[in-house]
Every structure is written in C-alpha cells, then in structure tokens.
>>> print(open('data_11.txt').read())   # compact mmCIF, C-alpha atoms and all ligand atoms
# COMPACT_ATOMS: atom_id res chain seq x y z
CA MET A 1 -54.22 -100.57 -32.44
CA PRO A 2 -54.08 -99.28 -28.85
CA LEU A 3 -52.15 -96.10 -28.30
CA HIS A 4 -49.00 -96.24 -26.21
CA ALA A 5 -47.53 -93.31 -24.37
CA ARG A 6 -43.88 -93.40 -23.27
CA PRO A 7 -43.36 -96.27 -20.77
CA ALA A 8 -42.82 -93.75 -17.95
CA LEU A 9 -46.34 -92.46 -18.47
CA GLU A 10 -47.91 -95.90 -18.61
CA GLN A 11 -46.58 -96.51 -15.08
CA PHE A 12 -47.57 -93.06 -13.97
CA SER A 13 -50.36 -92.43 -11.51
CA SER A 14 -51.52 -88.86 -11.65
CA TYR A 15 -51.30 -86.51 -8.72
CA ALA A 16 -54.71 -86.30 -7.04
CA PRO A 17 -55.43 -82.70 -6.12
CA ALA A 18 -58.17 -81.84 -3.62
CA ARG A 19 -61.58 -81.68 -5.28
CA SER A 20 -62.85 -78.35 -6.54
CA LEU A 21 -65.50 -76.43 -4.61
CA GLU A 22 -67.87 -76.69 -7.54
CA SER A 23 -67.73 -80.48 -7.85
CA ILE A 24 -68.55 -80.90 -4.16
CA GLN A 25 -71.33 -78.34 -4.27
CA ARG A 26 -72.83 -80.17 -7.20
CA GLU A 27 -72.52 -83.66 -5.72
CA TYR A 28 -73.88 -82.83 -2.26
CA GLY A 29 -76.16 -79.95 -3.17
CA PHE A 30 -74.56 -77.59 -0.64
CA GLU A 31 -74.89 -73.88 -1.18
CA ARG A 32 -71.66 -73.27 0.60
CA VAL A 33 -68.66 -75.53 0.98
CA ILE A 34 -65.70 -74.73 3.20
CA LYS A 35 -62.63 -76.06 1.49
CA LEU A 36 -59.76 -76.86 3.83
CA ALA A 37 -58.07 -79.56 1.77
CA GLY A 38 -55.74 -77.72 -0.61
CA ASN A 39 -53.84 -75.30 1.66
CA GLU A 40 -55.32 -72.34 -0.14
CA ASN A 41 -56.11 -68.93 1.31
CA ASN A 42 -59.74 -68.71 2.43
CA LEU A 43 -59.34 -64.99 3.10
CA GLY A 44 -59.25 -64.50 -0.65
CA TYR A 45 -56.70 -62.18 -2.22
CA SER A 46 -55.60 -58.59 -2.03
CA PRO A 47 -58.10 -55.79 -2.78
CA LEU A 48 -55.20 -53.99 -4.46
CA ALA A 49 -54.84 -56.94 -6.82
CA LYS A 50 -58.58 -56.85 -7.57
CA LYS A 51 -58.35 -53.18 -8.43
CA ALA A 52 -55.28 -53.72 -10.63
CA LEU A 53 -57.02 -56.60 -12.40
CA ALA A 54 -60.13 -54.53 -13.10
CA GLU A 55 -57.87 -51.97 -14.75
CA SER A 56 -56.06 -54.59 -16.83
CA LEU A 57 -58.83 -56.08 -18.92
CA GLU A 58 -57.78 -54.33 -22.10
CA GLY A 59 -55.07 -55.87 -24.22
CA LEU A 60 -55.82 -59.47 -23.29
CA SER A 61 -55.94 -60.46 -26.95
CA TYR A 62 -52.17 -59.98 -27.05
CA TYR A 63 -49.61 -62.39 -25.60
CA PRO A 64 -48.40 -61.35 -22.18
CA ASP A 65 -44.89 -60.07 -21.45
CA PRO A 66 -42.80 -63.26 -21.85
CA TYR A 67 -40.09 -61.95 -19.50
CA VAL A 68 -42.50 -60.98 -16.71
CA THR A 69 -40.45 -57.80 -16.59
CA ARG A 70 -42.20 -55.62 -14.03
CA LEU A 71 -42.72 -58.38 -11.52
CA ARG A 72 -39.19 -59.65 -12.14
CA GLU A 73 -37.65 -56.25 -11.46
CA THR A 74 -39.77 -55.61 -8.37
CA LEU A 75 -39.06 -59.01 -6.85
CA ALA A 76 -35.35 -58.81 -7.68
CA GLN A 77 -35.13 -55.54 -5.77
CA ARG A 78 -37.02 -56.89 -2.80
CA LEU A 79 -35.03 -60.08 -2.60
CA HIS A 80 -31.66 -58.43 -3.36
CA VAL A 81 -30.95 -60.69 -6.31
CA GLU A 82 -30.32 -60.04 -9.99
CA PRO A 83 -33.37 -60.17 -12.29
CA ALA A 84 -31.62 -63.04 -14.14
CA GLN A 85 -31.69 -65.08 -10.93
CA LEU A 86 -35.47 -65.42 -11.16
CA ILE A 87 -37.68 -67.71 -13.19
CA PHE A 88 -41.48 -67.55 -13.30
CA GLY A 89 -43.90 -70.36 -14.02
CA THR A 90 -47.54 -71.35 -13.98
CA GLY A 91 -47.43 -72.19 -10.29
CA SER A 92 -44.56 -73.93 -8.56
CA PHE A 93 -46.00 -77.23 -9.82
CA SER A 94 -44.65 -76.24 -13.24
CA LEU A 95 -41.28 -75.25 -11.83
CA ILE A 96 -40.92 -78.61 -10.10
CA SER A 97 -41.62 -80.28 -13.46
CA LEU A 98 -39.15 -77.97 -15.12
CA VAL A 99 -36.34 -79.01 -12.76
CA ALA A 100 -37.10 -82.65 -13.54
CA GLN A 101 -37.24 -81.98 -17.29
CA ALA A 102 -33.96 -80.11 -17.28
CA PHE A 103 -31.93 -82.45 -15.06
CA ILE A 104 -33.30 -86.00 -14.82
CA ASN A 105 -32.31 -88.51 -17.49
CA PRO A 106 -34.04 -91.91 -17.70
CA GLY A 107 -32.93 -94.16 -14.82
CA GLU A 108 -31.38 -91.35 -12.79
CA GLU A 109 -32.45 -90.79 -9.22
CA ALA A 110 -34.15 -88.07 -7.25
CA ILE A 111 -34.61 -88.21 -3.49
CA MET A 112 -37.53 -86.89 -1.46
CA ALA A 113 -38.83 -87.17 2.09
CA ASP A 114 -41.92 -89.29 2.73
CA PRO A 115 -44.54 -88.06 3.29
CA SER A 116 -43.88 -84.83 1.48
CA PHE A 117 -45.34 -83.00 -1.48
CA GLY A 118 -46.49 -85.62 -3.97
CA TRP A 119 -45.55 -83.85 -7.16
CA TYR A 120 -41.83 -84.45 -6.62
CA ALA A 121 -42.47 -88.12 -7.32
CA GLY A 122 -44.81 -87.31 -10.21
CA ALA A 123 -42.37 -84.97 -11.93
CA THR A 124 -39.50 -87.44 -11.47
CA THR A 125 -41.32 -90.45 -12.85
CA GLN A 126 -42.69 -88.48 -15.80
CA MET A 127 -39.06 -88.11 -16.85
CA ASP A 128 -38.35 -91.85 -16.41
CA GLY A 129 -36.42 -91.02 -13.26
CA VAL A 130 -36.36 -93.18 -10.16
CA ILE A 131 -37.79 -91.62 -7.01
CA ILE A 132 -36.18 -92.57 -3.71
CA LYS A 133 -38.43 -91.93 -0.70
CA VAL A 134 -36.85 -91.41 2.70
CA PRO A 135 -39.19 -91.64 5.72
CA LEU A 136 -39.60 -88.64 7.98
CA LYS A 137 -38.15 -88.83 11.47
CA ASP A 138 -40.43 -87.51 14.21
CA HIS A 139 -42.58 -86.05 11.41
CA ALA A 140 -39.62 -83.98 10.13
CA VAL A 141 -37.45 -84.25 7.01
CA ASP A 142 -34.51 -86.49 7.93
CA LEU A 143 -31.62 -84.75 6.21
CA ASP A 144 -29.00 -87.25 7.44
CA ALA A 145 -30.97 -90.20 6.07
CA ILE A 146 -31.51 -88.37 2.77
CA LYS A 147 -27.80 -87.68 2.48
CA ALA A 148 -27.07 -91.34 3.12
CA ARG A 149 -29.15 -92.28 0.05
CA ILE A 150 -27.12 -90.19 -2.40
CA THR A 151 -25.49 -92.28 -5.14
CA GLY A 152 -23.62 -91.58 -8.34
CA ARG A 153 -27.00 -91.53 -10.10
CA THR A 154 -28.60 -88.86 -7.87
CA ARG A 155 -29.53 -85.76 -9.86
CA VAL A 156 -32.10 -83.94 -7.73
CA ILE A 157 -32.97 -83.70 -4.03
CA TRP A 158 -36.45 -82.38 -3.32
CA LEU A 159 -36.75 -80.68 0.07
CA CYS A 160 -40.02 -79.19 1.18
CA ASN A 161 -39.42 -76.61 3.89
CA PRO A 162 -41.73 -76.21 5.79
CA ASN A 163 -42.80 -79.73 4.87
CA ASN A 164 -46.22 -80.39 3.40
CA PRO A 165 -48.10 -82.25 4.96
CA THR A 166 -46.48 -82.22 8.41
CA GLY A 167 -45.59 -78.52 8.77
CA THR A 168 -42.17 -79.18 10.27
CA GLN A 169 -39.12 -77.24 9.12
CA PHE A 170 -35.33 -77.53 9.24
CA GLY A 171 -33.00 -74.75 10.29
CA ARG A 172 -29.73 -73.30 9.09
CA ALA A 173 -27.27 -75.38 11.11
CA GLN A 174 -29.01 -78.59 10.03
CA PHE A 175 -28.98 -77.57 6.38
CA ASP A 176 -25.37 -76.35 6.54
CA ARG A 177 -24.34 -79.73 7.87
CA PHE A 178 -26.36 -81.45 5.16
CA LEU A 179 -24.62 -79.47 2.43
CA GLU A 180 -21.13 -80.41 3.62
CA GLY A 181 -19.56 -82.77 1.12
CA ILE A 182 -22.56 -83.03 -1.23
CA ARG A 183 -21.63 -83.02 -4.92
CA ASP A 184 -22.41 -79.61 -6.32
CA ASP A 185 -23.91 -80.96 -9.54
CA ILE A 186 -26.88 -82.37 -7.63
CA ILE A 187 -29.78 -79.93 -7.86
CA ILE A 188 -31.14 -79.17 -4.42
CA VAL A 189 -34.68 -77.85 -4.53
CA LEU A 190 -35.87 -75.95 -1.49
CA ASP A 191 -39.62 -75.79 -1.99
CA GLU A 192 -40.59 -72.86 0.22
CA ALA A 193 -44.27 -72.62 -0.68
CA TYR A 194 -45.14 -72.12 3.01
CA LEU A 195 -42.23 -70.03 4.30
CA ASP A 196 -44.49 -67.05 5.01
CA PHE A 197 -46.35 -69.08 7.62
CA SER A 198 -43.27 -70.20 9.51
CA GLU A 199 -43.26 -69.15 13.15
CA ASP A 200 -39.87 -70.57 13.98
CA ALA A 201 -37.04 -68.09 13.30
CA ASP A 202 -34.53 -70.90 12.69
CA PHE A 203 -35.38 -71.45 9.04
CA ALA A 204 -32.93 -72.47 6.29
CA ASN A 205 -34.08 -69.74 3.92
CA GLY A 206 -33.02 -70.55 0.35
CA LEU A 207 -32.14 -66.92 -0.27
CA HIS A 208 -29.15 -67.28 2.06
CA TYR A 209 -27.77 -70.14 0.00
CA ILE A 210 -28.27 -69.43 -3.67
CA ASN A 211 -25.27 -67.15 -4.11
CA GLN A 212 -22.80 -69.60 -2.56
CA HIS A 213 -24.30 -72.71 -4.15
CA HIS A 214 -24.99 -72.70 -7.89
CA ASN A 215 -27.01 -75.92 -7.54
CA ILE A 216 -29.63 -74.72 -5.03
CA ILE A 217 -33.00 -73.33 -6.09
CA SER A 218 -35.68 -71.86 -3.85
CA LEU A 219 -39.24 -72.27 -5.17
CA ARG A 220 -41.97 -69.92 -4.04
CA THR A 221 -45.57 -69.32 -4.94
CA PHE A 222 -48.25 -66.66 -5.00
CA SER A 223 -50.88 -69.34 -4.28
CA LYS A 224 -50.66 -69.43 -0.49
CA LEU A 225 -49.92 -66.18 1.36
CA TYR A 226 -51.24 -64.04 -1.50
CA GLY A 227 -54.23 -66.25 -2.27
CA LEU A 228 -53.64 -66.30 -6.02
CA ALA A 229 -53.92 -70.08 -6.46
CA SER A 230 -56.30 -69.80 -9.39
CA PHE A 231 -53.96 -67.48 -11.31
CA ARG A 232 -51.18 -70.11 -11.37
CA ILE A 233 -48.03 -68.16 -10.69
CA GLY A 234 -44.89 -69.13 -8.82
CA TYR A 235 -41.19 -68.42 -9.13
CA GLY A 236 -37.74 -69.80 -8.51
CA ILE A 237 -34.62 -68.06 -7.22
CA ALA A 238 -31.19 -69.49 -8.01
CA SER A 239 -27.82 -68.83 -9.65
CA GLU A 240 -27.98 -67.29 -13.12
CA GLU A 241 -26.38 -70.49 -14.39
CA LEU A 242 -29.15 -72.70 -13.03
CA ILE A 243 -31.92 -70.31 -14.11
CA SER A 244 -30.60 -70.18 -17.66
CA LEU A 245 -30.59 -74.00 -17.90
CA LEU A 246 -34.16 -74.16 -16.63
CA THR A 247 -35.26 -71.47 -19.04
CA LYS A 248 -34.14 -73.65 -21.96
CA ALA A 249 -36.60 -76.33 -20.91
CA GLN A 250 -39.50 -73.97 -20.29
CA LEU A 251 -42.59 -73.35 -22.38
CA PRO A 252 -42.42 -69.92 -23.96
CA ILE A 253 -44.84 -67.25 -22.66
CA CYS A 254 -46.25 -69.30 -19.78
CA VAL A 255 -47.31 -66.69 -17.23
CA ASN A 256 -50.54 -64.99 -18.23
CA HIS A 257 -51.00 -61.24 -18.03
CA LEU A 258 -53.61 -61.24 -15.25
CA ALA A 259 -51.37 -63.40 -13.07
CA GLN A 260 -48.50 -60.97 -13.59
CA VAL A 261 -50.71 -58.00 -12.71
CA ALA A 262 -52.26 -59.64 -9.65
CA ALA A 263 -48.91 -60.81 -8.30
CA LEU A 264 -47.30 -57.39 -8.70
CA ALA A 265 -50.16 -55.60 -6.94
CA SER A 266 -50.26 -58.23 -4.16
CA LEU A 267 -46.64 -57.53 -3.28
CA GLU A 268 -47.60 -53.98 -2.34
CA ASP A 269 -50.45 -55.00 -0.04
CA THR A 270 -48.79 -55.31 3.35
CA GLU A 271 -52.16 -54.90 5.06
CA PHE A 272 -53.53 -58.04 3.42
CA VAL A 273 -50.35 -59.96 4.18
CA GLU A 274 -50.58 -59.01 7.85
CA LEU A 275 -54.24 -60.00 7.95
CA VAL A 276 -53.42 -63.45 6.56
CA GLN A 277 -50.45 -64.03 8.84
CA ASP A 278 -52.32 -62.78 11.90
CA ASN A 279 -55.28 -65.04 11.11
CA ALA A 280 -52.93 -68.03 10.71
CA ARG A 281 -51.13 -67.33 13.98
CA LYS A 282 -54.33 -66.99 15.99
CA SER A 283 -55.94 -69.98 14.31
CA LYS A 284 -52.96 -72.22 15.05
CA GLN A 285 -53.16 -71.26 18.72
CA LEU A 286 -56.85 -72.13 18.68
CA TYR A 287 -56.04 -75.52 17.16
CA TYR A 288 -53.26 -76.24 19.66
CA GLN A 289 -55.41 -75.34 22.66
CA THR A 290 -58.45 -77.28 21.50
CA LEU A 291 -56.49 -80.34 20.39
CA GLU A 292 -54.75 -80.40 23.77
CA THR A 293 -58.10 -80.21 25.53
CA LEU A 294 -59.35 -83.07 23.37
CA GLY A 295 -56.18 -85.02 24.15
CA LEU A 296 -55.30 -85.47 20.47
CA ASP A 297 -51.77 -85.77 19.18
CA TYR A 298 -50.85 -82.98 16.74
CA ILE A 299 -47.81 -81.62 14.95
CA LYS A 300 -46.82 -78.00 15.55
CA THR A 301 -46.96 -76.41 12.16
CA ASN A 302 -45.02 -73.83 10.20
CA GLY A 303 -47.42 -74.07 7.29
CA ASN A 304 -50.99 -72.90 6.66
CA PHE A 305 -52.30 -76.36 7.56
CA ILE A 306 -52.17 -78.64 10.56
CA MET A 307 -52.04 -82.42 11.03
CA PHE A 308 -53.58 -84.17 13.99
CA ASP A 309 -54.34 -87.74 14.96
CA VAL A 310 -58.02 -88.53 15.38
CA GLY A 311 -57.22 -92.00 16.70
CA THR A 312 -59.50 -93.78 14.23
CA ASP A 313 -59.70 -94.27 10.45
CA SER A 314 -59.60 -90.64 9.39
CA ASP A 315 -61.48 -91.36 6.13
CA ASP A 316 -64.59 -91.78 8.30
CA VAL A 317 -63.98 -88.39 9.88
CA VAL A 318 -63.41 -86.84 6.45
CA LEU A 319 -66.85 -88.15 5.49
CA GLU A 320 -68.47 -86.71 8.62
CA PHE A 321 -67.00 -83.33 7.76
CA LEU A 322 -68.09 -83.63 4.17
CA LYS A 323 -71.69 -84.19 5.26
CA LYS A 324 -71.51 -80.76 6.86
CA GLY A 325 -70.01 -79.17 3.76
CA ILE A 326 -66.42 -79.06 5.02
CA LEU A 327 -63.68 -80.61 2.92
CA VAL A 328 -60.55 -81.75 4.77
CA ARG A 329 -57.83 -84.23 3.81
CA GLY A 330 -57.42 -87.71 5.24
CA GLY A 331 -53.93 -88.95 6.08
CA LYS A 332 -54.05 -92.28 4.23
CA GLU A 333 -52.35 -90.86 1.16
CA PHE A 334 -49.53 -89.71 3.44
CA GLY A 335 -49.19 -93.10 5.13
CA MET A 336 -50.83 -91.66 8.27
CA PRO A 337 -54.29 -93.28 8.15
CA THR A 338 -55.53 -91.98 11.50
CA TRP A 339 -54.47 -88.38 10.87
CA LEU A 340 -56.21 -85.47 9.23
CA ARG A 341 -54.56 -82.59 7.40
CA VAL A 342 -56.68 -79.48 7.68
CA SER A 343 -55.81 -76.21 5.98
CA ILE A 344 -55.97 -73.17 8.22
CA GLY A 345 -59.11 -71.34 7.18
CA ILE A 346 -60.67 -68.12 8.37
CA TYR A 347 -60.73 -68.07 12.20
CA GLU A 348 -64.49 -68.74 12.34
CA GLU A 349 -64.12 -71.66 9.92
CA ASN A 350 -61.51 -73.15 12.21
CA GLN A 351 -63.84 -72.73 15.18
CA LEU A 352 -66.48 -74.59 13.22
CA VAL A 353 -64.07 -77.42 12.39
CA LEU A 354 -63.07 -77.80 16.01
CA THR A 355 -66.66 -77.77 17.26
CA LEU A 356 -67.57 -80.42 14.73
CA LEU A 357 -64.49 -82.47 15.59
CA THR A 358 -65.44 -82.37 19.27
CA GLU A 359 -68.96 -83.58 18.40
CA ILE A 360 -67.69 -86.37 16.15
CA LEU A 361 -65.28 -87.63 18.80
CA GLU A 362 -67.94 -87.47 21.52
CA ARG A 363 -70.32 -89.47 19.34
CA SER A 364 -67.72 -92.13 18.62
CA HIS A 365 -66.96 -92.74 22.33
C1 LIG B 401 -45.11 -77.84 -1.05
C2 LIG B 401 -45.85 -77.35 -2.25
N1 LIG B 401 -45.16 -76.97 -3.33
C3 LIG B 401 -45.78 -76.53 -4.43
C4 LIG B 401 -47.15 -76.46 -4.49
C5 LIG B 401 -47.79 -76.00 -5.77
O1 LIG B 401 -48.11 -74.68 -5.66
P1 LIG B 401 -48.52 -73.78 -6.91
O2 LIG B 401 -49.89 -73.35 -6.66
O3 LIG B 401 -47.53 -72.63 -6.89
O4 LIG B 401 -48.37 -74.61 -8.14
C6 LIG B 401 -47.92 -76.83 -3.41
C7 LIG B 401 -49.39 -76.77 -3.47
O5 LIG B 401 -50.10 -77.12 -2.60
C8 LIG B 401 -47.25 -77.30 -2.25
O6 LIG B 401 -47.92 -77.71 -1.17
>>> encode(input="data_11.txt", output="structure tokens", more="lines below")
Ligand SMILES: Cc1ncc(COP(=O)(O)O)c(C=O)c1O
Amino acid sequence: MPLHARPALEQFSSYAPARSLESIQREYGFERVIKLAGNENNLGYSPLAKKALAESLEGLSYYPDPYVTRLRETLAQRLHVEPAQLIFGTGSFSLISLVAQAFINPGEEAIMADPSFGWYAGATTQMDGVIIKVPLKDHAVDLDAIKARITGRTRVIWLCNPNNPTGTQFGRAQFDRFLEGIRDDIIIVLDEAYLDFSEDADFANGLHYINQHHNIISLRTFSKLYGLASFRIGYGIASEELISLLTKAQLPICVNHLAQVAALASLEDTEFVELVQDNARKSKQLYYQTLETLGLDYIKTNGNFIMFDVGTDSDDVVLEFLKKGILVRGGKEFGMPTWLRVSIGIYEENQLVLTLLTEILERSH
C-alpha cells in the first residue's frame, strides 16, 4: 500500500533553497565558486567567534543549555527586554514554522506579500492553513492591501521588513496606520532578518512595538550580519505571553552549543560588524552607479542583496554567471522573470559580477 502523509503535505511543494557551494563545485568542476544566491555573508564570521568555538570543543557529548541562558541574558540587556521575551530557534526558518504550528488551525488564513520570503507560505500550508498572497506595490509591501484582505479567519500576517527579495522597507508611520483597528489576536510577524543592512532611518523596528502589542513578534537571525548561517540560530522578541505560547510548540533543546557560543562571541565583535556594514554600503553604491551607467532598472535595497532588471530572460543570465563559477538567483520564482537577485558579496566579488554583467549585456546586443 502506498504511504500517505497528511493531505497538507501531499499538496506541499518544498522550499527550494539556493544550491550548496559543494554541489556546484562538484557539478561544474570549479575550484572556487562565488555564491551570491542565498543572502549569506561572504566575509565569513567573527574571529572572536572562531576563538570562542576553538575553546568550546569539550563537553559536546552533553546536551546544550536548553534555555540558551548566557545569550538570552546578554541579548535581553542589549535590547532592553526581559529574558522571557526572547525565544531562540534553529534559524528563523524554525521560528516561522513555530508561529504557524502554534497559531494556524486547518483552514485558517495567513497573509503575506508577494513576492516575499517563500517560507511563510510553506509554514502555513504545512499546517493546513490557507496562504493569501498580496502583490507588492512599486516593489514594496502594500500594507493597505494586506489589511484589506483580513477576514474572521486570519490568524497570522507575515511581514518581511526589509522585504526579501526586493529590499524595500516600510517605516513607522506606515506601520502605525496599518495597526490601527487590527484585531489584536492576529499574530503579526515582523521578519527583520535584514534590519542591520537598512540604510533608511525610517524603519518600523519591531522592538518599538512589542511592549504595546502582545501579538507582534520580531524575528531576527545570526545568519546574515554575523555570518553564522551554517550554525542555524535565530531568535524572536515579543510579549512574554506570546513567547510562552510559542515555547509550548517548540522542540526541546533545539539550539546547539556551538551556535550558542558563536552567537554570544559575535555580539561582542563590533569591528567585524562594522566591516560587514561598511562593505555592504560601499558595494551597494558600486551597484547603483554601475547599473545606472548600464541603464538597467534596479531597486534601492535595505538588505544584503539587490534586484535589477536585465531586460531579458534572467535564467539565461544566471547560466552565464554559473559558467564563470558565480551563483546568483533568477527572478522567475519571484514572478519577476527578467530580474536577478544578487546577494552583496565582498566588494571585489561585486566588481567581478558587474564586469561580467557588462560583458554579457554587450554580447547580447
Ligand atoms: C526574510 C528571511 N527570513 C528568514 C530567513 C531564514 O534565516 P535563518 O538562517 O535564520 O533560518 C531568511 C533566509 O534567507 C530570510 O531571507
């Protein structure tokens, strides 16, 4: 007899992450691949974290601290919240799933912008929820249109700010207006994976909202700014009430010891943080200038990635890049088939991308 998973899973199409470096190296025989498809940190991670990790290799046969105590206390102090207002998970992917598991019953609705981060839809449908997708307006999350789609069945609203893949963000006045009159039993997720790359001071920072609104959660990650993507560690900040409900749905002991150690040490490394932010700022300027010279449409970005319109099927351009050992993301999956999304790499990598792009466009004319 064939095996049957729950109906929700039979309908489910898995999230397709960017390919790993190793699989591309193996397939194409490259010694070196530049990966600019997963919005990771090509500058690596903090030397302080490396040192702390090297000193933490004893004791790994024991379970890690289930409460993530040291990191919890340090972050609580920095963010001026109570330790009980934090929840840690194996990356913010897991926290997105946790929100869905805790709040979405079969047939209930969750709303997201489109295009936005794909896992909101995945996590919702895994729970037999119905995902409502609301198109972006001028590449930005359309809060008014999202609000207009709220029904009695709405349980969660997923808001990615800055938005992946477009890099746009919404500010405080916009978000304040959005919140007016919204039922306070709808969970509003502010996914702030990229907030550290925002260059626009008008940002609706979740931290300003969580104490007045028991239904808002800010999700953050150590994968981007701190370059700890492989360690799988992210966290949420919310009311104690919301955190305690999420904790009930969570796997016990889910943040490994090395992730806890690396995250804690990374927080102390202001030098590394400045290096990463400085590199991103300069690289974005380089992109803007070059794309303007090339006459290509682009979206100003508050993330560590940029989208631009290559004016032709971008899958072909992805392939051209791949032949040179550079992995970038085509826009088809975002409904933007002539656009590319390129993660901001090390400055020299970005120079290489732009030189190659110029060559490809010249060849195609
Ligand atoms: C908007 C957004 N949220 C969450 C994640 C997942 O991050 P993590 O590595 O913390 O699971 C990503 C990863 O790319 C992302 O783009």
>>> residues_around(input="data_11.txt", residues="Asp269 of chain A", least_positions_apart="3", cutoff="7 Å", atoms="only C-alpha atoms", output="VMD selection string")
chain A and resid 46 48 265 to 266 272 to 273
>>> closest_atom_pairs(input="data_11.txt", of="chain A", to="ligand LIG 401 (chain B)", cutoff="9 Å", atoms="only C-alpha atoms and all ligand atoms", output="Markdown table")
| residue | atom | partner | partner_atom | distance |
| --- | --- | --- | --- | --- |
| A:Pro17 | CA | B:LIG401 | O5 | 8.5 |
| A:Gly38 | CA | B:LIG401 | O5 | 6.0 |
| A:Asn39 | CA | B:LIG401 | O5 | 6.0 |
| A:Glu40 | CA | B:LIG401 | O5 | 7.5 |
| A:Gly89 | CA | B:LIG401 | O3 | 8.3 |
| A:Thr90 | CA | B:LIG401 | O4 | 6.7 |
| A:Gly91 | CA | B:LIG401 | O4 | 3.4 |
| A:Ser92 | CA | B:LIG401 | O3 | 3.6 |
| A:Phe93 | CA | B:LIG401 | O4 | 3.9 |
| A:Ser94 | CA | B:LIG401 | O4 | 6.5 |
| A:Leu95 | CA | B:LIG401 | O4 | 8.0 |
| A:Ile96 | CA | B:LIG401 | C3 | 7.8 |
| A:Ser116 | CA | B:LIG401 | C1 | 7.5 |
| A:Phe117 | CA | B:LIG401 | C1 | 5.2 |
| A:Gly118 | CA | B:LIG401 | C1 | 8.4 |
| A:Trp119 | CA | B:LIG401 | C3 | 7.8 |
| A:Tyr120 | CA | B:LIG401 | N1 | 8.8 |
| A:Leu159 | CA | B:LIG401 | C1 | 8.9 |
| A:Cys160 | CA | B:LIG401 | C1 | 5.7 |
| A:Asn161 | CA | B:LIG401 | C1 | 7.6 |
| A:Pro162 | CA | B:LIG401 | C1 | 7.8 |
| A:Asn163 | CA | B:LIG401 | C1 | 6.6 |
| A:Asn164 | CA | B:LIG401 | C1 | 5.2 |
| A:Pro165 | CA | B:LIG401 | O6 | 7.6 |
| A:Asp191 | CA | B:LIG401 | N1 | 5.8 |
| A:Glu192 | CA | B:LIG401 | C1 | 6.8 |
| A:Ala193 | CA | B:LIG401 | N1 | 5.2 |
| A:Tyr194 | CA | B:LIG401 | C1 | 7.0 |
| A:Leu219 | CA | B:LIG401 | N1 | 7.8 |
| A:Arg220 | CA | B:LIG401 | O3 | 6.8 |
| A:Thr221 | CA | B:LIG401 | O3 | 4.3 |
| A:Phe222 | CA | B:LIG401 | O3 | 6.3 |
| A:Ser223 | CA | B:LIG401 | O2 | 4.8 |
| A:Lys224 | CA | B:LIG401 | O2 | 7.4 |
| A:Leu228 | CA | B:LIG401 | O2 | 8.0 |
| A:Ala229 | CA | B:LIG401 | O2 | 5.2 |
| A:Ser230 | CA | B:LIG401 | O2 | 7.8 |
| A:Phe231 | CA | B:LIG401 | O2 | 8.5 |
| A:Arg232 | CA | B:LIG401 | O2 | 5.9 |
| A:Ile233 | CA | B:LIG401 | O3 | 5.9 |
| A:Gly234 | CA | B:LIG401 | O3 | 4.8 |
| A:Tyr235 | CA | B:LIG401 | O3 | 7.9 |
>>> residues_around(input="data_11.txt", residues="segment 343-350 of chain A", least_positions_apart="4", cutoff="8 Å", atoms="all atoms listed in the file", output="MDAnalysis selection string")
chainID A and resid 34 36:43 279:280 282:284 287 304:306 328 354
>>> atom_distance(input="data_11.txt", atom1="atom CA of Leu356 of chain A", atom2="atom CA of Asp316 of chain A")
13.4 Å
>>> closest_residue(input="data_11.txt", among="A:Val130, A:Leu319, A:Met112, A:Val141", to="Ile157 of chain A", atoms="all atoms listed in the file")
A:Met112
>>> axis_aligned_box(input="data_11.txt", around="segment 46-64 of chain A", padding_each_side="8 Å", output="JSON")
{"center_x": -54.3, "center_y": -57.2, "center_z": -14.5, "size_x": 27.7, "size_y": 26.4, "size_z": 41.0}
>>> closest_residue(input="data_11.txt", among="A:Pro64, A:Ile182, A:Ser56, A:Arg363", to="Arg149 of chain A", atoms="only C-alpha atoms")
A:Ile182
>>> closest_residue(input="data_11.txt", among="A:Val99, A:Ile24, A:Val255, A:Leu71", to="Ser218 of chain A", atoms="all atoms listed in the file")
A:Val99
>>> atom_distance(input="data_11.txt", atom1="atom CA of Ile87 of chain A", atom2="atom CA of Ser61 of chain A")
24.0 Å
>>> atom_distance(input="data_11.txt", atom1="atom CA of Ala8 of chain A", atom2="atom CA of Ala110 of chain A")
14.9 Å
>>> residues_near_point(input="data_11.txt", point="(-32.1, -66.6, -10.4)", cutoff="9 Å", atoms="only C-alpha atoms", output="MDAnalysis selection string")
chainID A and resid 76 81:87 210 217 236:244
>>> closest_residue(input="data_11.txt", among="A:Glu199, A:Asp176, A:Val261, A:Glu359", to="Arg72 of chain A", atoms="all atoms listed in the file")
A:Val261
>>> closest_residue(input="data_11.txt", among="A:Glu31, A:Leu60, A:Arg177, A:Pro66", to="Gln250 of chain A", atoms="all atoms listed in the file")
A:Pro66
>>> closest_residue(input="data_11.txt", among="A:Val68, A:Ile186, A:Ala52, A:Ile299", to="Glu268 of chain A", atoms="only C-alpha atoms")
A:Ala52
>>> residues_around(input="data_11.txt", residues="Ile104 of chain A", least_positions_apart="6", cutoff="10 Å", atoms="only C-alpha atoms", output="JSON, numbers by chain")
{"A": [98, 110, 123, 124, 125, 126, 127, 128, 129, 130, 153, 154, 155, 156, 187]}
